[in-house]
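Peer 1: Got a structure for you, final-v9.cif, holding mmCIF, C-alpha atoms.
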```cif
data_data
loop_
_atom_site.label_atom_id
_atom_site.label_comp_id
_atom_site.auth_asym_id
_atom_site.auth_seq_id
_atom_site.Cartn_x
_atom_site.Cartn_y
_atom_site.Cartn_z
CA MET A 444 0.00 0.00 0.00
CA ALA A 445 2.83 2.38 0.88
CA GLU A 446 4.57 1.67 -2.41
CA GLN A 447 1.33 2.29 -4.32
CA ALA A 448 0.72 5.57 -2.51
CA THR A 449 4.24 6.70 -3.36
CA ALA A 450 4.02 5.60 -6.99
CA GLU A 451 0.73 7.30 -7.78
CA PRO A 452 1.82 10.89 -6.99
CA ALA A 453 5.06 10.32 -8.90
CA HIS A 454 3.13 9.00 -11.88
CA ALA A 455 0.71 11.92 -11.71
CA ALA A 456 3.62 14.35 -11.60
CA LEU A 457 5.19 12.80 -14.66
CA VAL A 458 1.92 12.98 -16.58
CA SER A 459 1.34 16.61 -15.55
CA SER A 460 4.88 17.52 -16.57
CA ALA A 461 4.51 15.80 -19.93
CA LEU A 462 1.23 17.57 -20.62
CA ALA A 463 2.64 20.90 -19.61
CA LEU A 464 5.71 20.36 -21.78
CA GLY A 465 3.53 19.40 -24.74
CA GLU A 466 1.32 22.45 -24.35
CA GLY A 467 4.23 24.79 -23.75
CA ALA A 468 6.18 23.48 -26.73
CA GLY A 469 3.16 23.71 -28.98
CA VAL A 470 3.36 20.06 -30.06
CA ARG A 471 -0.35 19.34 -29.68
CA VAL A 472 -1.63 18.66 -33.18
CA ALA A 473 -5.27 18.44 -34.18
CA ALA A 474 -6.41 15.05 -35.41
CA PRO A 475 -6.49 14.72 -39.19
CA GLU A 476 -9.80 15.19 -40.94
CA LEU A 477 -9.02 12.44 -43.43
CA THR A 478 -6.96 9.26 -43.25
CA VAL A 479 -5.97 7.66 -46.56
CA VAL A 480 -5.33 3.94 -46.05
CA VAL A 481 -3.02 2.44 -48.67
CA PRO A 482 -2.66 -1.37 -48.58
CA CYS A 483 0.52 -2.30 -50.42
CA TYR A 484 2.81 -5.11 -51.39
CA ASN A 485 5.92 -4.51 -53.49
CA GLU A 486 5.04 -0.88 -54.27
CA ARG A 487 8.27 0.85 -53.25
CA ALA A 488 8.59 2.73 -56.52
CA ASN A 489 5.13 4.24 -56.02
CA VAL A 490 5.41 5.41 -52.40
CA ARG A 491 7.05 8.81 -52.95
CA PRO A 492 5.03 9.70 -56.09
CA LEU A 493 1.82 8.85 -54.23
CA VAL A 494 2.74 11.08 -51.28
CA ARG A 495 3.52 13.97 -53.65
CA ARG A 496 0.18 13.51 -55.39
CA LEU A 497 -1.68 13.44 -52.07
CA GLU A 498 0.06 16.65 -50.99
CA ALA A 499 -1.14 18.38 -54.15
CA ALA A 500 -4.66 16.96 -54.09
CA LEU A 501 -5.32 17.51 -50.37
CA SER A 502 -3.75 20.95 -49.99
CA GLY A 503 -5.57 22.92 -47.31
CA LEU A 504 -6.94 19.80 -45.58
CA ARG A 505 -5.72 18.01 -42.44
CA TRP A 506 -4.82 14.58 -43.70
CA GLU A 507 -2.59 11.59 -43.12
CA VAL A 508 -1.68 8.51 -45.12
CA ILE A 509 -1.21 5.08 -43.56
CA PHE A 510 0.74 2.60 -45.67
CA VAL A 511 -0.10 -0.95 -44.58
CA ASP A 512 2.66 -3.15 -45.91
CA ASP A 513 2.55 -6.95 -45.97
CA ALA A 514 6.29 -7.50 -45.46
CA SER A 515 7.16 -6.51 -49.03
CA PRO A 516 10.58 -7.87 -50.02
CA ASP A 517 11.24 -4.81 -52.21
CA GLY A 518 11.52 -2.42 -49.24
CA THR A 519 8.13 -0.71 -49.49
CA ALA A 520 7.92 -0.28 -45.72
CA ALA A 521 11.46 1.13 -45.49
CA GLU A 522 10.58 3.74 -48.12
CA ALA A 523 7.41 4.76 -46.27
CA LEU A 524 9.20 4.87 -42.89
CA GLN A 525 11.95 7.05 -44.32
CA LEU A 526 9.35 9.60 -45.39
CA ALA A 527 7.53 9.25 -42.06
CA ALA A 528 10.70 10.22 -40.18
CA SER A 529 10.36 13.78 -41.47
CA ASP A 530 6.61 14.07 -42.08
CA GLN A 531 4.10 13.32 -39.32
CA ARG A 532 1.32 12.95 -41.90
CA ILE A 533 2.91 9.70 -43.10
CA ARG A 534 2.57 6.48 -41.13
CA CYS A 535 3.41 2.86 -41.86
CA ILE A 536 2.07 -0.39 -40.44
CA ARG A 537 4.31 -3.38 -41.14
CA ARG A 538 2.56 -6.74 -41.04
CA ILE A 539 4.62 -9.86 -40.48
CA GLY A 540 3.18 -13.32 -41.13
CA ARG A 541 -0.13 -12.27 -42.64
CA ARG A 542 -1.21 -10.96 -46.01
CA GLY A 543 -4.29 -9.76 -47.83
CA LEU A 544 -5.70 -6.46 -49.00
CA SER A 545 -8.95 -6.60 -47.04
CA SER A 546 -7.34 -7.32 -43.69
CA ALA A 547 -4.71 -4.64 -44.39
CA VAL A 548 -7.43 -2.05 -44.99
CA ILE A 549 -9.18 -3.04 -41.77
CA GLU A 550 -6.00 -2.69 -39.71
CA GLY A 551 -5.14 0.64 -41.27
CA ALA A 552 -8.64 2.05 -40.80
CA LEU A 553 -8.79 0.94 -37.18
CA ALA A 554 -5.51 2.75 -36.56
CA SER A 555 -7.04 6.06 -37.70
CA SER A 556 -8.33 8.83 -35.47
CA ALA A 557 -9.62 10.92 -38.40
CA SER A 558 -13.28 11.71 -39.01
CA PHE A 559 -13.21 10.08 -42.45
CA ILE A 560 -11.33 7.17 -43.99
CA ALA A 561 -10.45 6.75 -47.65
CA VAL A 562 -9.05 3.59 -49.23
CA LEU A 563 -6.65 4.02 -52.12
CA ASP A 564 -4.50 1.49 -53.95
CA GLY A 565 -0.75 2.00 -53.81
CA ASP A 566 -0.21 1.59 -57.56
CA LEU A 567 -1.14 5.17 -58.59
CA GLN A 568 -4.07 3.91 -60.70
CA HIS A 569 -6.71 5.59 -58.55
CA ASP A 570 -7.28 9.31 -59.09
CA GLU A 571 -6.40 10.99 -55.79
CA THR A 572 -7.69 14.34 -57.10
CA ARG A 573 -11.24 13.01 -56.55
CA LEU A 574 -10.68 12.73 -52.80
CA PRO A 575 -11.78 16.33 -51.97
CA ALA A 576 -15.06 15.85 -53.88
CA MET A 577 -15.72 12.57 -52.05
CA LEU A 578 -14.93 14.20 -48.72
CA ALA A 579 -17.26 17.13 -49.46
CA LEU A 580 -20.16 14.76 -50.21
CA LEU A 581 -19.68 12.94 -46.90
CA SER A 582 -19.04 16.10 -44.86
CA ASP A 583 -22.21 17.72 -46.22
CA GLY A 584 -24.28 14.66 -45.32
CA ALA A 585 -25.16 13.89 -48.93
CA ALA A 586 -24.03 10.26 -48.56
CA ASP A 587 -22.63 7.74 -46.09
CA ILE A 588 -20.21 6.07 -48.49
CA ALA A 589 -18.56 7.61 -51.56
CA VAL A 590 -17.31 5.11 -54.14
CA GLY A 591 -14.87 5.98 -56.90
CA SER A 592 -16.36 4.44 -60.05
CA ARG A 593 -14.65 3.54 -63.30
CA HIS A 594 -17.99 2.75 -64.92
CA ALA A 595 -20.22 5.67 -63.89
CA ALA A 596 -20.80 8.43 -66.44
CA GLY A 597 -17.50 10.28 -66.80
CA GLY A 598 -15.41 7.35 -65.56
CA ASP A 599 -12.98 5.26 -67.57
CA ALA A 600 -11.61 1.74 -66.96
CA SER A 601 -9.09 1.65 -69.82
CA GLY A 602 -6.23 1.50 -67.30
CA LEU A 603 -7.08 -2.15 -66.63
CA GLY A 604 -4.97 -2.93 -69.66
CA SER A 605 -5.36 -6.43 -71.06
CA ALA A 606 -8.58 -7.90 -72.43
CA TRP A 607 -8.23 -10.67 -69.83
CA ARG A 608 -8.36 -8.18 -66.95
CA HIS A 609 -11.32 -6.38 -68.51
CA TRP A 610 -13.18 -9.69 -68.90
CA LEU A 611 -12.34 -10.82 -65.37
CA SER A 612 -13.39 -7.47 -63.90
CA GLY A 613 -16.67 -7.47 -65.84
CA LEU A 614 -17.47 -10.99 -64.68
CA GLY A 615 -16.78 -10.06 -61.07
CA ILE A 616 -18.91 -6.92 -61.30
CA ARG A 617 -21.91 -8.87 -62.60
CA ALA A 618 -21.50 -11.50 -59.87
CA ALA A 619 -21.23 -8.85 -57.15
CA GLN A 620 -24.24 -6.92 -58.41
CA ALA A 621 -26.35 -10.08 -58.05
CA PHE A 622 -25.46 -10.32 -54.35
CA LEU A 623 -25.36 -6.70 -53.20
CA PRO A 624 -28.29 -5.01 -51.46
CA VAL A 625 -27.55 -1.78 -53.39
CA ARG A 626 -27.01 -1.06 -57.06
CA LEU A 627 -23.55 0.13 -58.07
CA SER A 628 -21.86 0.40 -61.43
CA ASP A 629 -18.46 -0.47 -59.93
CA PRO A 630 -18.84 -2.66 -56.81
CA LEU A 631 -15.29 -3.99 -57.26
CA SER A 632 -13.75 -0.55 -56.84
CA GLY A 633 -10.90 -0.39 -54.36
CA PHE A 634 -11.30 3.39 -54.14
CA PHE A 635 -13.87 4.59 -51.61
CA MET A 636 -14.45 6.75 -48.54
CA LEU A 637 -16.67 6.57 -45.46
CA SER A 638 -16.85 8.05 -41.98
CA ARG A 639 -14.76 6.43 -39.27
CA PRO A 640 -17.77 5.87 -36.95
CA LEU A 641 -19.50 3.97 -39.75
CA PHE A 642 -16.41 1.86 -40.37
CA ASP A 643 -16.07 1.16 -36.65
CA ARG A 644 -19.66 -0.08 -36.63
CA LEU A 645 -19.16 -2.33 -39.63
CA ALA A 646 -15.68 -3.66 -38.76
CA PRO A 647 -16.85 -6.52 -36.47
CA HIS A 648 -18.86 -7.92 -39.40
CA LEU A 649 -15.95 -7.98 -41.87
CA THR A 650 -14.04 -11.23 -42.44
CA GLY A 651 -10.94 -9.54 -43.85
CA VAL A 652 -10.54 -12.29 -46.46
CA GLY A 653 -9.77 -11.54 -50.08
CA PHE A 654 -8.96 -8.44 -52.10
CA LYS A 655 -12.34 -6.73 -52.48
CA ILE A 656 -13.01 -5.02 -49.16
CA LEU A 657 -15.72 -2.74 -50.59
CA ILE A 658 -17.95 -5.78 -51.23
CA GLU A 659 -17.74 -6.74 -47.56
CA VAL A 660 -18.38 -3.19 -46.42
CA LEU A 661 -21.51 -2.92 -48.58
CA LEU A 662 -22.82 -6.33 -47.53
CA ALA A 663 -22.25 -5.51 -43.87
CA ALA A 664 -23.93 -2.11 -44.24
CA GLY A 665 -27.04 -3.54 -45.93
CA HIS A 666 -29.80 -1.26 -47.12
CA ASN A 667 -29.35 1.37 -44.41
CA VAL A 668 -26.64 3.47 -46.04
CA ARG A 669 -26.69 6.12 -48.72
CA ILE A 670 -24.07 5.57 -51.42
CA VAL A 671 -22.88 7.96 -54.11
CA GLU A 672 -20.54 7.09 -56.97
CA VAL A 673 -17.86 9.57 -58.01
CA PRO A 674 -16.52 8.91 -61.53
CA PHE A 675 -12.78 8.72 -62.06
CA VAL A 676 -10.35 7.64 -64.75
CA PHE A 677 -8.49 4.43 -63.87
CA ARG A 678 -4.88 5.05 -64.83
CA PRO A 679 -2.49 2.51 -66.35
CA ARG A 680 0.05 1.07 -63.93
CA THR A 681 3.51 2.58 -64.47
CA ALA A 682 5.56 0.65 -61.88
CA GLY A 683 5.26 -2.70 -60.13
CA GLU A 684 2.99 -5.60 -61.02
CA SER A 685 -0.75 -6.11 -60.76
CA LYS A 686 -1.94 -8.40 -57.94
CA LEU A 687 -5.08 -9.46 -59.83
CA ASP A 688 -4.86 -13.11 -60.85
CA LEU A 689 -6.99 -16.24 -60.96
CA LEU A 690 -6.39 -17.01 -57.28
CA VAL A 691 -7.67 -13.56 -56.29
CA SER A 692 -10.78 -14.18 -58.38
CA MET A 693 -11.32 -17.53 -56.68
CA GLN A 694 -11.07 -15.88 -53.27
CA PHE A 695 -13.59 -13.28 -54.38
CA ALA A 696 -16.02 -16.01 -55.47
CA ALA A 697 -15.58 -17.77 -52.13
CA VAL A 698 -16.42 -14.57 -50.24
CA LEU A 699 -19.65 -14.19 -52.22
CA ILE A 700 -20.60 -17.80 -51.53
CA GLU A 701 -19.90 -17.36 -47.82
CA ARG A 702 -22.16 -14.34 -47.73
CA LEU A 703 -24.83 -16.29 -49.60
CA PHE A 704 -24.81 -18.85 -46.79
CA ARG A 705 -24.73 -16.04 -44.20
CA GLY A 706 -21.37 -17.08 -42.81
CA LEU A 707 -22.39 -20.65 -41.96
CA LEU A 708 -19.73 -21.92 -44.35
CA PRO A 709 -16.50 -19.92 -43.87
CA VAL A 710 -14.46 -18.99 -46.92
CA ARG A 711 -11.50 -21.03 -45.80
CA PHE A 712 -13.60 -24.14 -45.26
CA LEU A 713 -15.12 -23.81 -48.72
CA ALA A 714 -11.68 -23.47 -50.27
CA PHE A 715 -10.33 -26.35 -48.20
CA ALA A 716 -13.22 -28.60 -49.25
CA ALA A 717 -12.76 -27.63 -52.91
CA VAL A 718 -9.07 -28.51 -52.71
CA GLY A 719 -10.04 -31.81 -51.10
CA ALA A 720 -12.34 -32.57 -54.03
CA LEU A 721 -9.47 -31.91 -56.43
CA GLY A 722 -7.36 -34.22 -54.30
CA ILE A 723 -9.72 -37.08 -55.08
CA LEU A 724 -9.07 -36.57 -58.80
CA VAL A 725 -5.32 -36.45 -58.16
CA ASN A 726 -5.59 -39.68 -56.16
CA LEU A 727 -7.46 -41.46 -58.94
CA ALA A 728 -5.06 -40.22 -61.62
CA ALA A 729 -2.01 -41.32 -59.62
CA LEU A 730 -3.65 -44.67 -58.89
CA ALA A 731 -4.29 -45.27 -62.59
CA ILE A 732 -0.70 -44.40 -63.51
CA LEU A 733 0.80 -46.60 -60.82
CA THR A 734 -1.39 -49.63 -61.53
CA LYS A 735 -1.87 -49.45 -65.30
CA LEU A 736 1.37 -47.92 -66.54
CA ILE A 737 3.91 -48.89 -63.89
CA GLY A 738 2.27 -52.18 -62.84
CA LEU A 739 2.46 -51.85 -59.05
CA GLY A 740 0.08 -53.88 -56.90
CA PHE A 741 -3.11 -52.19 -55.81
CA GLU A 742 -2.18 -51.81 -52.14
CA TRP A 743 1.15 -50.12 -52.91
CA SER A 744 -0.43 -48.02 -55.64
CA GLN A 745 -3.26 -46.85 -53.39
CA GLY A 746 -0.85 -45.92 -50.60
CA LEU A 747 1.43 -43.94 -52.90
CA ALA A 748 -1.51 -42.32 -54.71
CA THR A 749 -2.95 -41.22 -51.36
CA LEU A 750 0.41 -39.68 -50.40
CA VAL A 751 0.60 -37.87 -53.75
CA ALA A 752 -2.92 -36.51 -53.24
CA MET A 753 -2.08 -35.32 -49.71
CA LEU A 754 1.03 -33.49 -50.94
CA ALA A 755 -0.92 -31.93 -53.81
CA ASN A 756 -3.62 -30.82 -51.36
CA PHE A 757 -1.00 -29.25 -49.11
CA GLU A 758 0.48 -27.23 -51.99
CA LEU A 759 -2.93 -26.00 -53.16
CA ASN A 760 -4.05 -25.10 -49.63
CA ASN A 761 -0.79 -23.27 -49.00
CA ARG A 762 -1.24 -21.24 -52.20
CA ILE A 763 -5.01 -20.73 -52.17
CA THR A 764 -6.80 -21.50 -48.89
CA TYR A 765 -4.11 -20.00 -46.67
CA ARG A 766 -2.61 -17.58 -49.16
CA ASP A 767 -2.48 -14.84 -46.51
CA GLN A 768 -0.69 -17.19 -44.06
CA ARG A 769 1.45 -19.00 -46.62
CA LEU A 770 4.24 -21.12 -45.22
CA VAL A 771 7.69 -20.37 -46.59
CA GLY A 772 11.22 -21.64 -46.10
CA ARG A 773 11.78 -24.32 -43.52
CA ARG A 774 8.19 -24.07 -42.32
CA VAL A 775 6.99 -25.51 -45.65
CA TRP A 776 8.65 -28.87 -44.94
CA GLN A 777 7.39 -28.89 -41.37
CA GLY A 778 3.92 -28.05 -42.63
CA ARG A 779 3.98 -30.85 -45.22
CA LEU A 780 4.87 -33.43 -42.59
CA VAL A 781 2.20 -32.31 -40.13
CA PHE A 782 -0.39 -32.07 -42.91
CA VAL A 783 0.26 -35.64 -44.05
CA LEU A 784 -0.01 -36.89 -40.45
CA VAL A 785 -3.24 -34.96 -39.91
CA CYS A 786 -4.78 -36.20 -43.16
CA SER A 787 -3.70 -39.77 -42.38
CA ILE A 788 -5.66 -39.65 -39.14
CA GLY A 789 -8.57 -38.10 -41.05
CA ALA A 790 -8.45 -40.93 -43.56
CA ILE A 791 -8.58 -43.51 -40.76
CA ALA A 792 -11.57 -41.69 -39.23
CA ASN A 793 -13.22 -41.54 -42.66
CA VAL A 794 -12.91 -45.29 -43.23
CA GLY A 795 -13.86 -46.18 -39.66
CA ILE A 796 -17.04 -44.09 -39.52
CA ALA A 797 -18.11 -45.10 -43.02
CA GLY A 798 -17.59 -48.77 -42.18
CA MET A 799 -19.51 -48.50 -38.94
CA LEU A 800 -22.49 -46.88 -40.64
CA TYR A 801 -22.41 -49.37 -43.49
CA HIS A 802 -22.49 -52.33 -41.13
CA GLN A 803 -25.41 -50.68 -39.36
CA HIS A 804 -27.30 -51.07 -42.65
CA ALA A 805 -26.86 -47.53 -43.87
CA GLY A 806 -26.58 -47.34 -47.65
CA TRP A 807 -23.08 -47.22 -49.10
CA SER A 808 -23.63 -43.69 -50.43
CA LEU A 809 -24.78 -42.34 -47.06
CA ALA A 810 -22.01 -44.14 -45.22
CA GLY A 811 -19.37 -42.89 -47.67
CA THR A 812 -20.65 -39.31 -47.58
CA ALA A 813 -20.70 -39.24 -43.78
CA GLY A 814 -17.18 -40.63 -43.59
CA ALA A 815 -15.90 -38.11 -46.13
CA ALA A 816 -17.59 -35.23 -44.31
CA ILE A 817 -16.02 -36.22 -41.00
CA GLY A 818 -12.64 -36.51 -42.69
CA VAL A 819 -12.87 -33.05 -44.28
CA VAL A 820 -13.99 -31.38 -41.05
CA TRP A 821 -11.21 -33.10 -39.09
CA ASN A 822 -8.54 -32.19 -41.64
CA TYR A 823 -9.72 -28.58 -41.81
CA ALA A 824 -9.97 -28.03 -38.06
CA VAL A 825 -6.66 -29.64 -37.16
CA SER A 826 -4.75 -28.20 -40.12
CA ALA A 827 -5.90 -24.69 -39.20
CA THR A 828 -4.64 -25.28 -35.66
CA LEU A 829 -1.37 -27.11 -36.29
CA VAL A 830 -0.26 -26.36 -39.85
CA TRP A 831 -1.43 -22.84 -40.73
CA ARG A 832 -1.87 -21.50 -37.22
CA ALA A 833 -1.89 -17.71 -36.94
CA ARG A 834 1.56 -16.37 -36.11
#
```
Go ahead and render the structure in this file as structure tokens.
Peer 2:
Amino acid sequence: MAEQATAEPAHAALVSSALALGEGAGVRVAAPELTVVVPCYNERANVRPLVRRLEAALSGLRWEVIFVDDASPDGTAAEALQLAASDQRIRCIRRIGRRGLSSAVIEGALASSASFIAVLDGDLQHDETRLPAMLALLSDGAADIAVGSRHAAGGDASGLGSAWRHWLSGLGIRAAQAFLPVRLSDPLSGFFMLSRPLFDRLAPHLTGVGFKILIEVLLAAGHNVRIVEVPFVFRPRTAGESKLDLLVSMQFAAVLIERLFRGLLPVRFLAFAAVGALGILVNLAALAILTKLIGLGFEWSQGLATLVAMLANFELNNRITYRDQRLVGRRVWQGRLVFVLVCSIGAIANVGIAGMLYHQHAGWSLAGTAGAAIGVVWNYAVSATLVWRAR
């Protein structure tokens, strides 16, 4: 008690002195009006040009930019931190052991104390000069969310580049429009703005999976928000590489399916189950090669084919299902070993439960389905805990 009584006045004195020093030195700075969250991976060449463009576009406003970097090997974080050392408007969050645009946006937005939050890609393709217009619409109460649109009147999506990217984007837009509670011309836009209180309210309902965070925001908001689209010209990329690929599109599809089932089937489980289904085809193909072409006995062929399928499943899960927690280096070999052990136990459980049901006069199809379902659930639950556990 005596130590506590002594410590408290000393602590209070330190706090009072710090506050007095801050006030006397004039270091108290008003919170920014706008935070621009920039999720990035391998965008070092674009960091300084983006900051210069934000300075020009947001002149006269209190603003900050938060770069959220997913451990880019090209030194993106180092570039942002070097600028931050001399400019308090620039901040950087470095993420180690996790990846993904949506989760990066969530972390950056939750780190903001500004009244409004904008999301902007780090590749210079979004038109930062539209930010003041978006902010004015929200500040005046004309809308709750402002979305930069490439497809609204006055917008232009030519910066997408290849016909493949245009086709993929168009397909995604049509799929998203079928699910969304509101009508938008560009629901896949990664360029939008909303108030921080609104984001704080929606954040607990966001999964943070995938690369299309706006879709999640709109689905979480439902019908009770007013949305305005602000047209902009989508610029061609001048440095770095696009992150849009087939795996990103698959993740996007999985997010839509999860929302269709109202979260009862998580995205990761859907992806894991899909990989498992592909594993069956790999198993059968390997079995055919080993028995028909090489001439091994069935027992040896089935054992080796099962091992091949397990290893194939591990690689696909590491690249797709757990893309944001991908194992690298030495951890890949450790992960392979644990995954094979886990799946071996799952296979034993599969056969055991299926056999028990079959001998209890359940049909072979019901027994087989039940055994397979138990195996998939076991493999998913234990793999998530032991193989791709959050770091």
Peer 1: Just checking: using only C-alpha atoms, which residue out of A:Ser592, A:Ala585, A:Ile732, A:Gly518 ends up closest to Val668 (chain A)?
Peer 2: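 Smallest separation from Val668 (chain A) among the options: A:Ala585.
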Peer 1: Would you mind listing what lies within 10 Å of region 645-650 of chain A as a tab-separated table (two decimals) with C-alpha atoms, in the coordinates of the input, with only C-alpha atoms counted and same-chain residues fewer than 4 positions away left out?
Peer 2:
```
chain	number	residue	atom	x	y	z
A	545	SER	CA	-8.95	-6.60	-47.04
A	546	SER	CA	-7.34	-7.32	-43.69
A	549	ILE	CA	-9.18	-3.04	-41.77
A	550	GLU	CA	-6.00	-2.69	-39.71
A	552	ALA	CA	-8.64	2.05	-40.80
A	553	LEU	CA	-8.79	0.94	-37.18
A	639	ARG	CA	-14.76	6.43	-39.27
A	640	PRO	CA	-17.77	5.87	-36.95
A	641	LEU	CA	-19.50	3.97	-39.75
A	656	ILE	CA	-13.01	-5.02	-49.16
A	658	ILE	CA	-17.95	-5.78	-51.23
A	659	GLU	CA	-17.74	-6.74	-47.56
A	660	VAL	CA	-18.38	-3.19	-46.42
A	661	LEU	CA	-21.51	-2.92	-48.58
A	662	LEU	CA	-22.82	-6.33	-47.53
A	663	ALA	CA	-22.25	-5.51	-43.87
A	664	ALA	CA	-23.93	-2.11	-44.24
A	698	VAL	CA	-16.42	-14.57	-50.24
A	706	GLY	CA	-21.37	-17.08	-42.81
A	709	PRO	CA	-16.50	-19.92	-43.87
A	710	VAL	CA	-14.46	-18.99	-46.92
```
Peer 1: For the structure shown, which residues end up in the PyMOL selection byres ((chain A and resi 588) around 8)? Put them as a list in words, please?
Peer 2: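 Checking the PyMOL selection byres ((chain A and resi 588) around 8) against this file, the residues are Leu581, Ala586, Asp587, Ala589, Val590, Phe635, Met636, Leu637, Ser638, Val668, Arg669, Ile670 and Val671 of chain A.
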Peer 1: Within 7 Å of Ile509 (chain A), counting all atoms listed in the file, which residues show up once you throw out same-chain ones fewer than 6 positions away? Write them as number ranges by chain, please.
Peer 2: A: 479-481, 533-535, 551
Peer 1: Of the candidates A:Ser787, A:Ser558, A:Gln777, A:Thr681, which shows the shortest atom-to-atom distance to Leu829 (chain A), using all atoms listed in the file?
Peer 2: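 Among A:Ser787, A:Ser558, A:Gln777, A:Thr681, it is A:Gln777 that comes nearest to Leu829 (chain A).
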Peer 1: Compare A:Lys735, A:Leu526, A:Gln768, A:Val725 by their minimum atom-to-atom distance to Leu754 (chain A), counting all atoms listed in the file, and give me the closest one.
Peer 2: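 Closest residue, counting all atoms listed in the file: A:Val725.
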Peer 1: Counting all atoms listed in the file, which residue out of A:Arg779, A:Ala473, A:Leu567, A:Ala561 sits closest to Arg491 (chain A)?
Peer 2: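 Of A:Arg779, A:Ala473, A:Leu567, A:Ala561, the one nearest Arg491 (chain A) is A:Leu567, counting all atoms listed in the file.
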Peer 1: Grab the CA of Leu603 (chain A) to CA of Thr572 (chain A) distance for me, in Å with one decimal place.
Peer 2: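 CA of Thr572 (chain A) lies at a distance of 19.1 Å from CA of Leu603 (chain A).
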Peer 1: At the level of N, CA and C atoms, write region 554-565 of chain A to a file as a compact mmCIF listing (two decimals), in the first residue's frame, please.
Peer 2:
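Result written to selection.txt:
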```txt
# COMPACT_ATOMS: atom_id res chain seq x y z
N ALA A 554 -6.60 1.97 -37.15
CA ALA A 554 -5.51 2.75 -36.56
C ALA A 554 -5.72 4.25 -36.73
N SER A 555 -6.80 4.64 -37.40
CA SER A 555 -7.04 6.06 -37.70
C SER A 555 -7.83 6.74 -36.59
N SER A 556 -7.54 8.00 -36.39
CA SER A 556 -8.33 8.83 -35.47
C SER A 556 -9.04 9.95 -36.24
N ALA A 557 -9.00 9.88 -37.57
CA ALA A 557 -9.62 10.92 -38.40
C ALA A 557 -11.14 10.75 -38.42
N SER A 558 -11.82 11.77 -38.89
CA SER A 558 -13.28 11.71 -39.01
C SER A 558 -13.70 10.86 -40.20
N PHE A 559 -12.86 10.82 -41.24
CA PHE A 559 -13.21 10.08 -42.45
C PHE A 559 -12.02 9.23 -42.89
N ILE A 560 -12.35 8.12 -43.54
CA ILE A 560 -11.33 7.17 -43.99
C ILE A 560 -11.52 6.93 -45.48
N ALA A 561 -10.44 7.07 -46.23
CA ALA A 561 -10.45 6.75 -47.65
C ALA A 561 -9.53 5.56 -47.88
N VAL A 562 -9.88 4.74 -48.84
CA VAL A 562 -9.05 3.59 -49.23
C VAL A 562 -8.57 3.83 -50.65
N LEU A 563 -7.27 3.69 -50.84
CA LEU A 563 -6.65 4.02 -52.12
C LEU A 563 -5.58 2.98 -52.41
N ASP A 564 -5.55 2.43 -53.59
CA ASP A 564 -4.50 1.49 -53.95
C ASP A 564 -3.15 2.18 -54.03
N GLY A 565 -2.10 1.43 -53.81
CA GLY A 565 -0.75 2.00 -53.81
C GLY A 565 -0.08 1.99 -55.16
```
